[in-house]
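Trainee: One structure coming up, written as structure tokens, with questions to follow.
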Amino acid sequence: MKVVYLIIAFFVFFGFSLIAQPAYTPQVTEIEETISVGEKSGFAVNIIQAKKKNVANAWQKMLKKQNDSKEKVEDKKGEIFITGAMIERLHHDPINIFALITELDEGTRVEAFFELDSVFINSSNNPDASLVATNILEEFALESYKDAVRQELKDEEKKLSNLENDLKKLEKENERMHKAIAMGENEIMSVDAELDMNKQQYNPNYGKTVPVHDSEGNEIDRAPAPKAIVKMDPEVKKELDKEQKKLSKKKFKAESKIREAEREIPINLNLQEEKKAEIAEQKEQVEKVMKKLESVETLND
């Protein structure tokens with residue numbers, strides 16, 4: 001029994017601890033790396049889920065926003081840099097900033113190098129500026145992660161919208177097939193009426209019935225009337241034959257469309273059920289990412 005209590009205590013304590021942990025905490029480390037101006041001290045952070053292209057664009061926008069000078073941010077052979085930048089929170093003197101942005105399997109890595117008075121800062125030679133640089137990277141990484149999750153939500157919502165549109169198309173297709181059956185049945189009734197009129201040209205008694213009597217003279221049933229033989233002009237008969245053939249083909253075509261629709265309707269309904277299952281699953285995924293975004297948006301607020 002004690003074992004059960006211990007297991008419950010474990011899940012209560014560690015379970016809530018895991019839930020309470022943020023989805024992502026940027027870890028900035030100091031590095032020594034070779035850039036265009038040689039091997040220099042810098043800072044690195046891995047941003048999970050973020051794409052390299054988006055991170056590179058966001059990094060340039062961030063530098064432009066924080067820079068009070070008119071110096072431009074440049075990109076040369078994958079190295080993003082700005083010289084003579086005035087970033088008050090870093091230092092009151094101009095600073096050169098270099099960055100290498102690399103795509104990882106799980107996200108993107110940013111390596112940033114800050115040159116102040118011809119010295120690339122680190123925690124040893126400039127603790128204050130080093131702390132600010134670390135904060136800048138942490139804030140940037142966190143915001144980039146938030147953007148990645150926002151984009152994830154948009155992507156999942158788009159998938160859901162596409163699935164819902166697919167279902168609407170299937171439903172409309174189902175309606176179209178039922179309408180095709182109804183129209184086909186009406187067309188067959190119309191063609192049958194024309195065929196009856198055509199056949200009556202050959203035989204005036206076609207479609208008519210005569211009474212059937214029992215031995216005592218009582219009417220007990222109806223039977224087709226005897227065929228009436230009509231002497232017909234060959235040209236008229238030729239036209240009637242042609243019309244009958246045309247009407248028969250029209251009827252066959254309408255019947256084929258009905259049979260096709262009747263075969264397709266069950267398939268369509270199965271596809272609708274499959275699509276509804278996909279939609280339900282995707283809704284759960286959207287809700288999952290929404291909750292993830294809600295937890296992310298509160299980070300560092």
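Ligands are numbered from 1 in the order shown, residues from 1 within each chain, and chains are lettered A, B, ... in the order they appear in the structure tokens.
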Could you give me, as a count of residues only, the residues within 9 Å of Leu137 of chain A, counting only C-alpha atoms and dropping anything in the same chain fewer than 2 positions from it?

Mentor: 15

Trainee: So which bits of segment 49-232 of chain A end up alpha helix (DSSP H) when you DSSP the backbone, as a ChimeraX atom specification?

Mentor: /A:52-66,127-202

Trainee: Mind listing the strand (DSSP E or B) residues of segment 211-273 of chain A, per DSSP on the backbone, as a ChimeraX atom specification?

Mentor: /A:211-213,219-224

Trainee: Using N, CA and C atoms, can you export the residues from the last selection as a PDB file, in the first residue's frame?

Mentor:
ATOM      1  N   PRO A 211     -61.043  -5.652 -71.055  1.00  0.00           N
ATOM      2  CA  PRO A 211     -61.447  -6.433 -69.877  1.00  0.00           C
ATOM      3  C   PRO A 211     -61.321  -7.929 -70.103  1.00  0.00           C
ATOM      4  N   VAL A 212     -61.062  -8.616 -69.020  1.00  0.00           N
ATOM      5  CA  VAL A 212     -61.024 -10.085 -69.027  1.00  0.00           C
ATOM      6  C   VAL A 212     -62.197 -10.555 -68.167  1.00  0.00           C
ATOM      7  N   HIS A 213     -63.063 -11.437 -68.719  1.00  0.00           N
ATOM      8  CA  HIS A 213     -64.266 -11.887 -68.010  1.00  0.00           C
ATOM      9  C   HIS A 213     -64.144 -13.342 -67.603  1.00  0.00           C
ATOM     10  N   GLU A 219     -66.203  -9.112 -65.132  1.00  0.00           N
ATOM     11  CA  GLU A 219     -64.838  -8.620 -65.390  1.00  0.00           C
ATOM     12  C   GLU A 219     -63.965  -8.938 -64.181  1.00  0.00           C
ATOM     13  N   ILE A 220     -62.898  -9.689 -64.446  1.00  0.00           N
ATOM     14  CA  ILE A 220     -62.013 -10.089 -63.339  1.00  0.00           C
ATOM     15  C   ILE A 220     -60.589  -9.540 -63.509  1.00  0.00           C
ATOM     16  N   ASP A 221     -60.303  -8.961 -64.666  1.00  0.00           N
ATOM     17  CA  ASP A 221     -58.937  -8.441 -64.875  1.00  0.00           C
ATOM     18  C   ASP A 221     -58.924  -7.581 -66.122  1.00  0.00           C
ATOM     19  N   ARG A 222     -57.749  -7.005 -66.400  1.00  0.00           N
ATOM     20  CA  ARG A 222     -57.550  -6.240 -67.642  1.00  0.00           C
ATOM     21  C   ARG A 222     -56.348  -6.840 -68.338  1.00  0.00           C
ATOM     22  N   ALA A 223     -56.387  -6.857 -69.640  1.00  0.00           N
ATOM     23  CA  ALA A 223     -55.292  -7.412 -70.442  1.00  0.00           C
ATOM     24  C   ALA A 223     -54.936  -6.424 -71.542  1.00  0.00           C
ATOM     25  N   PRO A 224     -53.674  -6.496 -72.030  1.00  0.00           N
ATOM     26  CA  PRO A 224     -53.292  -5.605 -73.129  1.00  0.00           C
ATOM     27  C   PRO A 224     -54.217  -5.794 -74.317  1.00  0.00           C
TER      28      PRO A 224
END

Trainee: Pick from A:Glu243, A:Asp105, A:Glu216, A:Asp155: nearest to Lys51 of chain A, with only C-alpha atoms counted?

Mentor: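 Result for the nearest residue to Lys51 of chain A: A:Asp105.
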
Trainee: Using only C-alpha atoms, which of the listed residues (A:Ser41, A:Asn54, A:Gln200, A:Ser144) sits closest to Phe98 of chain A?

Mentor: A:Ser41

Trainee: Any idea what's packed within 12 Å of Lys40 of chain A, counting only C-alpha atoms, ignoring anything in its chain fewer than 3 positions away? Could you give it as a list in words?

Mentor: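 Answer for this query is Glu30, Ile31, Glu32, Glu33, Thr34, Ile35, Ser36, Val37, Phe43, Ile97, Phe98, Ala99, Glu111, Ala112, Phe113, Phe114, Glu115, Ser118, Val119, Phe120, Ile121 and Asn122 of chain A.
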
Trainee: Could you list, as a PyMOL selection string, every residue within 9 Å of Lys250 of chain A, counting only C-alpha atoms and ignoring same-chain residues fewer than 5 positions away?

Mentor: chain A and resi 187-188+191+245+255

Trainee: Those same residues - C-alpha atoms - I'd like them written as a PDB file, in the first residue's frame.

Mentor:
ATOM      1  CA  GLU A 187     -36.235  12.557 -67.610  1.00  0.00           C
ATOM      2  CA  ILE A 188     -37.033   8.830 -67.834  1.00  0.00           C
ATOM      3  CA  VAL A 191     -38.931   9.844 -72.324  1.00  0.00           C
ATOM      4  CA  LYS A 245     -33.932   4.756 -81.328  1.00  0.00           C
ATOM      5  CA  GLU A 255     -30.546   5.235 -66.419  1.00  0.00           C
TER       6      GLU A 255
END
